[in-house]
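With compact mmCIF, C-alpha atoms and all ligand atoms inside, this is start-v8.txt:
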```txt
# COMPACT_ATOMS: atom_id res chain seq x y z
CA MET A 1 45.23 1.40 -1.28
CA LYS A 2 43.19 -1.77 -1.32
CA VAL A 3 43.14 -4.00 -4.41
CA VAL A 4 40.04 -6.09 -5.12
CA GLU A 5 39.36 -8.48 -7.97
CA THR A 6 35.69 -9.37 -7.52
CA VAL A 7 32.49 -7.34 -7.77
CA ARG A 8 31.46 -8.66 -4.36
CA GLU A 9 34.61 -7.30 -2.66
CA LEU A 10 34.35 -4.05 -4.64
CA ARG A 11 30.75 -3.49 -3.50
CA GLU A 12 31.68 -4.15 0.11
CA GLN A 13 34.43 -1.51 0.02
CA ILE A 14 32.11 0.99 -1.70
CA ARG A 15 29.40 0.28 0.90
CA LEU A 16 31.84 1.10 3.71
CA ALA A 17 32.89 4.35 2.01
CA ARG A 18 29.25 5.34 1.43
CA GLN A 19 28.45 4.59 5.09
CA GLN A 20 31.01 7.27 5.98
CA GLY A 21 29.20 9.72 3.68
CA LYS A 22 32.05 9.81 1.16
CA ARG A 23 31.66 11.15 -2.37
CA ILE A 24 32.95 8.49 -4.72
CA GLY A 25 35.07 9.34 -7.76
CA PHE A 26 35.84 6.73 -10.41
CA VAL A 27 38.65 6.51 -12.98
CA PRO A 28 38.21 3.59 -15.38
CA THR A 29 41.43 2.60 -17.20
CA MET A 30 42.95 -0.22 -19.19
CA GLY A 31 46.21 0.07 -17.27
CA ASN A 32 49.71 0.90 -18.58
CA LEU A 33 49.25 4.07 -16.59
CA HIS A 34 51.06 7.31 -17.41
CA GLU A 35 50.81 10.92 -16.22
CA GLY A 36 47.64 11.38 -18.30
CA HIS A 37 45.90 8.78 -16.13
CA MET A 38 47.44 10.31 -13.03
CA SER A 39 45.87 13.67 -13.90
CA LEU A 40 42.49 11.87 -13.83
CA ILE A 41 43.31 10.44 -10.40
CA ASP A 42 44.41 13.89 -9.20
CA ALA A 43 41.17 15.48 -10.48
CA ALA A 44 39.14 12.72 -8.80
CA SER A 45 40.91 13.18 -5.48
CA GLU A 46 40.42 16.97 -5.65
CA GLN A 47 36.68 16.58 -6.20
CA CYS A 48 35.84 13.41 -4.25
CA ASP A 49 36.60 11.82 -0.87
CA PHE A 50 37.11 8.26 -2.06
CA VAL A 51 38.85 7.47 -5.36
CA VAL A 52 38.31 4.17 -7.16
CA ALA A 53 40.37 3.20 -10.22
CA SER A 54 39.82 0.15 -12.38
CA ILE A 55 42.29 -1.66 -14.59
CA PHE A 56 40.59 -3.86 -17.14
CA VAL A 57 41.73 -4.48 -20.71
CA ASN A 58 38.28 -4.80 -22.20
CA PRO A 59 38.24 -7.39 -25.01
CA LEU A 60 34.85 -6.14 -26.23
CA GLN A 61 36.28 -2.85 -27.49
CA PHE A 62 39.11 -4.34 -29.57
CA ASN A 63 38.15 -5.09 -33.15
CA ASN A 64 41.60 -6.49 -33.87
CA PRO A 65 42.75 -9.59 -31.90
CA ASP A 66 46.46 -8.69 -32.33
CA ASP A 67 45.83 -5.24 -30.90
CA LEU A 68 44.19 -6.89 -27.86
CA SER A 69 46.95 -9.43 -27.28
CA LEU A 70 49.73 -6.83 -27.75
CA TYR A 71 48.08 -4.25 -25.47
CA PRO A 72 50.66 -3.52 -22.73
CA ARG A 73 49.85 -5.07 -19.34
CA THR A 74 51.97 -3.54 -16.57
CA PHE A 75 50.03 -4.28 -13.40
CA ALA A 76 52.87 -4.05 -10.84
CA ALA A 77 54.01 -0.61 -12.07
CA ASP A 78 50.39 0.59 -12.37
CA GLN A 79 49.62 -0.48 -8.82
CA GLN A 80 52.69 1.41 -7.60
CA HIS A 81 51.68 4.61 -9.48
CA LEU A 82 48.20 4.51 -7.97
CA GLN A 83 49.58 3.75 -4.53
CA ASP A 84 51.85 6.82 -4.80
CA ARG A 85 48.84 9.06 -5.56
CA ASP A 86 45.57 9.41 -3.68
CA CYS A 87 43.82 6.33 -5.02
CA ASN A 88 41.86 4.49 -2.30
CA LEU A 89 40.66 1.39 -4.10
CA LEU A 90 41.84 -0.47 -7.20
CA PHE A 91 39.44 -2.82 -8.99
CA PHE A 92 41.35 -5.35 -11.11
CA PRO A 93 38.79 -7.87 -12.37
CA SER A 94 39.35 -10.83 -14.69
CA VAL A 95 37.54 -11.13 -18.02
CA ASP A 96 35.28 -13.80 -16.44
CA GLU A 97 34.38 -11.47 -13.58
CA VAL A 98 33.23 -8.78 -16.01
CA TYR A 99 31.68 -11.12 -18.59
CA PRO A 100 30.52 -14.16 -16.55
CA ALA A 101 28.10 -15.26 -19.29
CA GLY A 102 30.73 -14.86 -22.02
CA GLN A 103 31.16 -11.96 -24.41
CA ASP A 104 28.95 -13.33 -27.20
CA LEU A 105 25.79 -13.30 -25.09
CA GLN A 106 26.50 -9.99 -23.39
CA ALA A 107 23.76 -7.31 -23.61
CA ILE A 108 25.22 -4.39 -25.55
CA VAL A 109 24.88 -0.69 -24.83
CA SER A 110 25.03 1.20 -28.10
CA VAL A 111 25.02 4.99 -28.29
CA PRO A 112 23.81 5.95 -31.77
CA ASP A 113 25.17 8.63 -34.06
CA VAL A 114 28.04 9.96 -31.95
CA SER A 115 29.64 6.47 -31.98
CA ASP A 116 29.46 6.10 -35.76
CA GLY A 117 31.97 8.45 -37.44
CA LEU A 118 35.64 9.25 -36.82
CA CYS A 119 37.25 6.40 -34.79
CA GLY A 120 33.90 4.56 -34.81
CA ALA A 121 34.06 4.34 -38.62
CA SER A 122 37.55 2.81 -38.68
CA ARG A 123 37.07 0.63 -35.57
CA PRO A 124 33.61 -0.97 -36.02
CA GLY A 125 32.04 -1.99 -32.71
CA HIS A 126 34.70 -0.18 -30.69
CA PHE A 127 32.38 2.32 -29.02
CA ASP A 128 29.70 -0.32 -28.34
CA GLY A 129 32.43 -2.19 -26.46
CA VAL A 130 33.39 0.98 -24.57
CA SER A 131 29.82 1.99 -23.66
CA THR A 132 28.97 -1.56 -22.62
CA VAL A 133 31.96 -1.99 -20.31
CA VAL A 134 31.64 1.53 -18.88
CA THR A 135 27.96 0.86 -18.11
CA LYS A 136 28.93 -2.37 -16.35
CA LEU A 137 31.73 -0.67 -14.41
CA PHE A 138 29.38 2.20 -13.48
CA ASN A 139 26.83 -0.32 -12.18
CA MET A 140 29.53 -2.13 -10.21
CA VAL A 141 31.09 1.00 -8.67
CA GLN A 142 28.04 3.33 -8.63
CA PRO A 143 30.23 6.44 -8.43
CA ASP A 144 29.04 10.01 -7.92
CA ALA A 145 31.50 11.26 -10.54
CA ALA A 146 33.64 9.63 -13.24
CA PHE A 147 36.71 11.15 -14.87
CA PHE A 148 37.64 10.86 -18.57
CA GLY A 149 40.48 12.42 -20.59
CA GLU A 150 39.70 14.88 -23.38
CA LYS A 151 42.33 13.17 -25.53
CA ASP A 152 39.69 10.53 -26.28
CA TYR A 153 37.26 13.25 -27.33
CA GLN A 154 34.80 10.97 -29.12
CA GLN A 155 34.81 8.47 -26.24
CA LEU A 156 33.99 11.32 -23.85
CA ALA A 157 31.10 12.45 -26.11
CA VAL A 158 29.77 8.87 -26.27
CA ILE A 159 29.90 8.48 -22.47
CA LYS A 160 28.25 11.88 -21.88
CA LYS A 161 25.36 10.99 -24.21
CA MET A 162 25.04 7.51 -22.71
CA VAL A 163 24.78 8.90 -19.18
CA THR A 164 22.19 11.48 -20.27
CA ASP A 165 20.13 9.09 -22.42
CA LEU A 166 20.09 6.33 -19.80
CA CYS A 167 19.50 8.67 -16.83
CA MET A 168 22.61 7.51 -15.00
CA PRO A 169 23.06 9.67 -11.87
CA ILE A 170 26.79 10.19 -12.49
CA GLU A 171 28.65 13.42 -13.15
CA ILE A 172 31.04 13.02 -16.07
CA VAL A 173 34.13 15.17 -15.53
CA PRO A 174 36.34 15.90 -18.58
CA VAL A 175 40.05 16.31 -17.83
CA ALA A 176 42.39 18.25 -20.17
CA THR A 177 44.81 16.22 -22.32
CA LYS A 178 48.18 15.78 -20.67
CA ARG A 179 51.06 16.35 -23.08
CA GLU A 180 54.76 15.50 -23.26
CA GLU A 181 57.14 18.48 -23.30
CA ASP A 182 57.14 18.63 -27.10
CA GLY A 183 53.31 18.58 -27.23
CA LEU A 184 52.62 14.90 -27.99
CA ALA A 185 49.42 13.80 -26.23
CA MET A 186 50.23 11.12 -23.62
CA SER A 187 48.91 7.70 -24.56
CA SER A 188 49.66 4.08 -23.73
CA ARG A 189 50.07 3.58 -27.48
CA ASN A 190 53.07 5.96 -27.61
CA GLY A 191 55.06 3.01 -26.25
CA TYR A 192 54.75 1.35 -29.70
CA LEU A 193 56.79 4.16 -31.32
CA THR A 194 60.44 3.59 -32.25
CA ALA A 195 62.90 6.33 -31.17
CA GLN A 196 62.81 7.82 -34.66
CA GLU A 197 59.00 7.71 -34.85
CA ARG A 198 58.80 9.31 -31.41
CA GLU A 199 60.74 12.34 -32.73
CA ASN A 200 58.22 12.67 -35.54
CA ALA A 201 55.14 11.96 -33.39
CA VAL A 202 54.47 15.54 -32.32
CA LEU A 203 53.60 16.39 -35.94
CA ILE A 204 49.99 15.20 -35.53
CA SER A 205 49.32 17.79 -32.84
CA GLN A 206 51.20 20.50 -34.78
CA VAL A 207 49.20 19.82 -37.93
CA LEU A 208 45.89 20.00 -36.02
CA LEU A 209 46.99 23.25 -34.36
CA GLN A 210 47.74 24.70 -37.80
CA VAL A 211 44.13 23.90 -38.79
CA ILE A 212 42.96 25.70 -35.62
CA GLU A 213 45.06 28.75 -36.59
CA SER A 214 43.60 28.78 -40.10
CA LEU A 215 40.07 28.60 -38.65
CA ARG A 216 40.85 31.47 -36.30
CA SER A 217 42.10 33.55 -39.19
CA GLY A 218 38.76 33.07 -40.97
CA ASN A 219 39.46 30.17 -43.37
CA LYS A 220 36.18 28.23 -43.77
CA ASP A 221 37.28 25.81 -46.47
CA PHE A 222 37.08 22.83 -44.10
CA GLU A 223 37.56 20.26 -46.85
CA GLN A 224 40.79 21.84 -48.08
CA LEU A 225 42.14 22.37 -44.53
CA CYS A 226 41.62 18.70 -43.64
CA GLN A 227 43.03 17.50 -46.95
CA GLN A 228 46.13 19.65 -46.49
CA ALA A 229 46.61 18.35 -42.91
CA LYS A 230 46.41 14.74 -44.12
CA SER A 231 48.88 15.44 -46.94
CA GLN A 232 51.35 16.93 -44.45
CA LEU A 233 51.06 13.79 -42.30
CA SER A 234 51.47 11.45 -45.30
CA ALA A 235 54.54 13.40 -46.44
CA GLN A 236 56.17 12.67 -43.07
CA GLY A 237 55.56 8.91 -43.10
CA TYR A 238 52.18 8.81 -41.34
CA GLU A 239 49.24 6.83 -42.64
CA PRO A 240 46.37 9.23 -41.92
CA ASP A 241 42.99 7.80 -41.01
CA TYR A 242 41.03 11.06 -40.72
CA VAL A 243 41.31 14.75 -40.02
CA GLN A 244 37.88 16.29 -39.49
CA ILE A 245 36.37 19.53 -38.28
CA CYS A 246 33.23 18.88 -36.25
CA GLN A 247 30.73 20.65 -34.02
CA ALA A 248 32.35 20.50 -30.58
CA GLN A 249 29.24 19.22 -28.76
CA SER A 250 27.51 16.87 -31.21
CA LEU A 251 30.56 15.77 -33.23
CA LYS A 252 28.51 16.24 -36.40
CA PRO A 253 30.52 17.60 -39.36
CA ALA A 254 30.80 21.36 -38.90
CA SER A 255 29.11 23.84 -41.21
CA LYS A 256 30.34 27.37 -41.95
CA ALA A 257 27.79 28.81 -39.48
CA ASP A 258 29.16 26.80 -36.52
CA THR A 259 31.45 28.60 -34.11
CA SER A 260 32.21 26.01 -31.42
CA LEU A 261 34.43 23.53 -33.24
CA VAL A 262 36.76 20.63 -32.61
CA VAL A 263 39.49 19.48 -34.99
CA LEU A 264 40.17 15.77 -34.61
CA GLY A 265 42.81 13.59 -36.22
CA ALA A 266 43.89 9.95 -36.22
CA ALA A 267 46.86 8.47 -38.03
CA PHE A 268 49.16 5.48 -37.89
CA LEU A 269 52.82 6.12 -37.30
CA GLY A 270 54.49 2.72 -37.57
CA LYS A 271 52.56 0.40 -35.25
CA ALA A 272 51.03 3.21 -33.18
CA ARG A 273 47.60 4.65 -33.98
CA LEU A 274 47.86 8.21 -32.69
CA ILE A 275 44.80 10.39 -32.04
CA ASP A 276 44.58 14.00 -30.97
CA ASN A 277 42.18 16.94 -31.01
CA PHE A 278 41.89 20.66 -30.27
CA THR A 279 38.80 22.79 -29.75
CA VAL A 280 38.23 26.36 -30.84
CA ASP A 281 35.50 28.88 -30.15
CA LEU A 282 35.47 31.31 -33.06
CA LEU A 283 33.43 33.88 -31.13
CA SER A 284 35.98 34.30 -28.35
O1 LIG B 301 39.86 4.97 -22.26
C1 LIG B 301 40.03 3.80 -21.84
O2 LIG B 301 41.07 3.45 -21.28
C2 LIG B 301 38.94 2.77 -22.06
O3 LIG B 301 38.29 2.98 -23.27
C3 LIG B 301 37.93 2.69 -20.90
C4 LIG B 301 37.17 3.99 -20.74
C5 LIG B 301 38.67 2.36 -19.61
C6 LIG B 301 36.92 1.58 -21.17
O4 LIG B 301 37.53 0.34 -21.30
```
Let me see the structure of the file written as structure tokens.
Ligand code: PAF
Amino acid sequence: MKVVETVRELREQIRLARQQGKRIGFVPTMGNLHEGHMSLIDAASEQCDFVVASIFVNPLQFNNPDDLSLYPRTFAADQQHLQDRDCNLLFFPSVDEVYPAGQDLQAIVSVPDVSDGLCGASRPGHFDGVSTVVTKLFNMVQPDAAFFGEKDYQQLAVIKKMVTDLCMPIEIVPVATKREEDGLAMSSRNGYLTAQERENAVLISQVLLQVIESLRSGNKDFEQLCQQAKSQLSAQGYEPDYVQICQAQSLKPASKADTSLVVLGAAFLGKARLIDNFTVDLLS
């Protein structure tokens, strides 16, 4: 696996791969890689001939400076993980390489509506930062396909809409959430949990699954279901941000007539902000 730090070197490597007629798959990451990321790499190498990963902790998507400075940076281990899998090229740019004119004067890509609620409401500007950096990375790599985890369900919806609205010729491939044995969704932020919090961390997924079960059994009192889920989390030491039932495609709040739904939740447990989601199709 080759590691490049500049856009110029990246483009040269991509040019060589394209010359050989290779289909290029891209996995953008912020590093601190775990098996969730590796499942994206595996999906990319199954569907493409040349896999590019990026590691870039994007300052533009952090609305809290402490969160940015504390974000785990584990380059040596990440490089080893990628090397051990079928990653062909790792792009590891500096902040100056990605934002040569500075962040304040950067043109912003903003995807309306789908960016606004849920995590977008509690992390203002977060999704503008994500869509801007992903656009830049897409323009640098120019992949045929890009792979995103379903754990970040809203991020995936934002990227899908961005690609459609801006006519980007890139296939967006969703990859199922990878979970620990007890069901906790894998996330770089799980590393912030103490041993005791870690034992309690699976509750967020269990609570969301209980909402799914209630929906399946015909309960349509969405308000009460979400309230009850948040109360259960609070009772176990979480600080819930939201639990919401939305239309699975648009992420608009669901109405009783909707059948394709997603239940999403976010909550702090100690220093870790945990998010998770499950979809349900009430017709199946
Ligand atoms: O999901 C992430 O790790 C980041 O939001 C992404 C997509 C790499 C953009 O910085």
Write out as a ChimeraX atom specification the residues lying within 7 Å of range 144-157 of chain A, counting all atoms listed in the file and excluding same-chain residues fewer than 6 positions away.
/A:23-27,40,44,170-177,276-277
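As for CA of Asn190 in chain A and CA of Phe62 in chain A, they are spaced 17.5 Å apart.
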Grab me every residue within 7 Å of ligand LIG 301 (chain B), counting all atoms listed in the file, and send it over as a list in words.
Pro28, Thr29, Met30, Phe56, Val57, Asn58, Val130, Val133, Val134 and Asp152 of chain A
Go through A:Ser54, A:Gln244, A:Ser122, A:Ser231 one by one, measure the shortest atom-to-atom distance of each to Leu261 in chain A using all atoms listed in the file, and give the residue with the smallest value.
A:Gln244
Give me, please, the distance in Å between CA of Gln47 in chain A and CA of Lys2 in chain A, quoted to one decimal.
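These atoms are spaced 20.1 Å apart.
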Shell of 10 Å around Ser188 in chain A, only C-alpha atoms, local chain residues under 5 positions omitted, as a list in words:
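Close residues of Ser188 in chain A: Met30, Gly31, Asn32, Leu33, His34, Gly36, His37, Tyr71, Pro72 and Ala272 of chain A.
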Incomplete range 63-74 of chain A brought to all heavy atoms, written out as a PDB file, in the frame of the given file:
```
ATOM      1  N   ASN A  63      38.651  -4.407 -31.963  1.00  0.00           N
ATOM      2  CA  ASN A  63      38.150  -5.090 -33.150  1.00  0.00           C
ATOM      3  C   ASN A  63      39.269  -5.845 -33.864  1.00  0.00           C
ATOM      4  O   ASN A  63      39.039  -6.487 -34.866  1.00  0.00           O
ATOM      5  CB  ASN A  63      37.430  -4.111 -34.104  1.00  0.00           C
ATOM      6  CG  ASN A  63      38.286  -2.909 -34.419  1.00  0.00           C
ATOM      7  OD1 ASN A  63      39.052  -2.462 -33.575  1.00  0.00           O
ATOM      8  ND2 ASN A  63      38.191  -2.409 -35.623  1.00  0.00           N
ATOM      9  N   ASN A  64      40.465  -5.788 -33.269  1.00  0.00           N
ATOM     10  CA  ASN A  64      41.600  -6.490 -33.870  1.00  0.00           C
ATOM     11  C   ASN A  64      42.265  -7.357 -32.785  1.00  0.00           C
ATOM     12  O   ASN A  64      42.777  -6.819 -31.803  1.00  0.00           O
ATOM     13  CB  ASN A  64      42.564  -5.415 -34.416  1.00  0.00           C
ATOM     14  CG  ASN A  64      43.847  -5.986 -34.938  1.00  0.00           C
ATOM     15  OD1 ASN A  64      44.232  -7.108 -34.614  1.00  0.00           O
ATOM     16  ND2 ASN A  64      44.538  -5.203 -35.742  1.00  0.00           N
ATOM     17  N   PRO A  65      42.229  -8.694 -32.949  1.00  0.00           N
ATOM     18  CA  PRO A  65      42.750  -9.590 -31.900  1.00  0.00           C
ATOM     19  C   PRO A  65      44.226  -9.355 -31.583  1.00  0.00           C
ATOM     20  O   PRO A  65      44.645  -9.497 -30.436  1.00  0.00           O
ATOM     21  CB  PRO A  65      42.551 -10.998 -32.478  1.00  0.00           C
ATOM     22  CG  PRO A  65      41.793 -10.841 -33.752  1.00  0.00           C
ATOM     23  CD  PRO A  65      41.701  -9.391 -34.115  1.00  0.00           C
ATOM     24  N   ASP A  66      45.023  -8.942 -32.597  1.00  0.00           N
ATOM     25  CA  ASP A  66      46.460  -8.690 -32.330  1.00  0.00           C
ATOM     26  C   ASP A  66      46.614  -7.467 -31.437  1.00  0.00           C
ATOM     27  O   ASP A  66      47.457  -7.446 -30.533  1.00  0.00           O
ATOM     28  CB  ASP A  66      47.219  -8.419 -33.638  1.00  0.00           C
ATOM     29  CG  ASP A  66      47.334  -9.688 -34.456  1.00  0.00           C
ATOM     30  OD1 ASP A  66      47.135 -10.774 -33.873  1.00  0.00           O
ATOM     31  OD2 ASP A  66      47.596  -9.577 -35.671  1.00  0.00           O
ATOM     32  N   ASP A  67      45.777  -6.458 -31.705  1.00  0.00           N
ATOM     33  CA  ASP A  67      45.830  -5.240 -30.900  1.00  0.00           C
ATOM     34  C   ASP A  67      45.528  -5.580 -29.440  1.00  0.00           C
ATOM     35  O   ASP A  67      46.202  -5.103 -28.522  1.00  0.00           O
ATOM     36  CB  ASP A  67      44.765  -4.259 -31.461  1.00  0.00           C
ATOM     37  CG  ASP A  67      44.962  -2.845 -30.950  1.00  0.00           C
ATOM     38  OD1 ASP A  67      46.051  -2.554 -30.443  1.00  0.00           O
ATOM     39  OD2 ASP A  67      44.004  -2.049 -31.051  1.00  0.00           O
ATOM     40  N   LEU A  68      44.550  -6.467 -29.233  1.00  0.00           N
ATOM     41  CA  LEU A  68      44.190  -6.890 -27.860  1.00  0.00           C
ATOM     42  C   LEU A  68      45.344  -7.653 -27.212  1.00  0.00           C
ATOM     43  O   LEU A  68      45.724  -7.363 -26.077  1.00  0.00           O
ATOM     44  CB  LEU A  68      42.921  -7.753 -27.895  1.00  0.00           C
ATOM     45  CG  LEU A  68      42.514  -8.407 -26.577  1.00  0.00           C
ATOM     46  CD1 LEU A  68      42.209  -7.373 -25.496  1.00  0.00           C
ATOM     47  CD2 LEU A  68      41.284  -9.310 -26.771  1.00  0.00           C
ATOM     48  N   SER A  69      45.931  -8.614 -27.946  1.00  0.00           N
ATOM     49  CA  SER A  69      46.950  -9.430 -27.280  1.00  0.00           C
ATOM     50  C   SER A  69      48.237  -8.629 -27.048  1.00  0.00           C
ATOM     51  O   SER A  69      48.965  -8.891 -26.100  1.00  0.00           O
ATOM     52  CB  SER A  69      47.220 -10.714 -28.065  1.00  0.00           C
ATOM     53  OG  SER A  69      47.685 -10.375 -29.335  1.00  0.00           O
ATOM     54  N   LEU A  70      48.495  -7.630 -27.920  1.00  0.00           N
ATOM     55  CA  LEU A  70      49.730  -6.830 -27.750  1.00  0.00           C
ATOM     56  C   LEU A  70      49.554  -5.687 -26.758  1.00  0.00           C
ATOM     57  O   LEU A  70      50.532  -5.044 -26.376  1.00  0.00           O
ATOM     58  CB  LEU A  70      50.146  -6.236 -29.104  1.00  0.00           C
ATOM     59  CG  LEU A  70      50.690  -7.226 -30.127  1.00  0.00           C
ATOM     60  CD1 LEU A  70      50.948  -6.539 -31.457  1.00  0.00           C
ATOM     61  CD2 LEU A  70      51.983  -7.872 -29.604  1.00  0.00           C
ATOM     62  N   TYR A  71      48.297  -5.417 -26.336  1.00  0.00           N
ATOM     63  CA  TYR A  71      48.080  -4.250 -25.470  1.00  0.00           C
ATOM     64  C   TYR A  71      48.924  -4.393 -24.193  1.00  0.00           C
ATOM     65  O   TYR A  71      48.889  -5.438 -23.533  1.00  0.00           O
ATOM     66  CB  TYR A  71      46.592  -4.104 -25.119  1.00  0.00           C
ATOM     67  CG  TYR A  71      46.282  -2.705 -24.656  1.00  0.00           C
ATOM     68  CD1 TYR A  71      45.995  -1.705 -25.565  1.00  0.00           C
ATOM     69  CD2 TYR A  71      46.335  -2.370 -23.308  1.00  0.00           C
ATOM     70  CE1 TYR A  71      45.767  -0.396 -25.160  1.00  0.00           C
ATOM     71  CE2 TYR A  71      46.107  -1.062 -22.891  1.00  0.00           C
ATOM     72  CZ  TYR A  71      45.816  -0.084 -23.820  1.00  0.00           C
ATOM     73  OH  TYR A  71      45.600   1.201 -23.407  1.00  0.00           O
ATOM     74  N   PRO A  72      49.728  -3.363 -23.854  1.00  0.00           N
ATOM     75  CA  PRO A  72      50.660  -3.520 -22.730  1.00  0.00           C
ATOM     76  C   PRO A  72      49.969  -3.739 -21.380  1.00  0.00           C
ATOM     77  O   PRO A  72      49.058  -3.003 -21.022  1.00  0.00           O
ATOM     78  CB  PRO A  72      51.427  -2.189 -22.714  1.00  0.00           C
ATOM     79  CG  PRO A  72      50.690  -1.257 -23.603  1.00  0.00           C
ATOM     80  CD  PRO A  72      49.824  -2.054 -24.514  1.00  0.00           C
ATOM     81  N   ARG A  73      50.398  -4.771 -20.679  1.00  0.00           N
ATOM     82  CA  ARG A  73      49.850  -5.070 -19.340  1.00  0.00           C
ATOM     83  C   ARG A  73      50.993  -4.910 -18.343  1.00  0.00           C
ATOM     84  O   ARG A  73      51.963  -5.670 -18.376  1.00  0.00           O
ATOM     85  CB  ARG A  73      49.277  -6.487 -19.303  1.00  0.00           C
ATOM     86  CG  ARG A  73      47.892  -6.571 -19.985  1.00  0.00           C
ATOM     87  CD  ARG A  73      47.759  -7.820 -20.819  1.00  0.00           C
ATOM     88  NE  ARG A  73      46.410  -8.046 -21.309  1.00  0.00           N
ATOM     89  CZ  ARG A  73      46.041  -7.914 -22.581  1.00  0.00           C
ATOM     90  NH1 ARG A  73      46.913  -7.523 -23.497  1.00  0.00           N
ATOM     91  NH2 ARG A  73      44.807  -8.175 -22.946  1.00  0.00           N
ATOM     92  N   THR A  74      50.857  -3.923 -17.462  1.00  0.00           N
ATOM     93  CA  THR A  74      51.970  -3.540 -16.570  1.00  0.00           C
ATOM     94  C   THR A  74      51.427  -3.368 -15.160  1.00  0.00           C
ATOM     95  O   THR A  74      51.587  -2.296 -14.559  1.00  0.00           O
ATOM     96  CB  THR A  74      52.583  -2.210 -17.076  1.00  0.00           C
ATOM     97  OG1 THR A  74      51.513  -1.249 -17.249  1.00  0.00           O
ATOM     98  CG2 THR A  74      53.289  -2.364 -18.407  1.00  0.00           C
TER      99      THR A  74
END
```
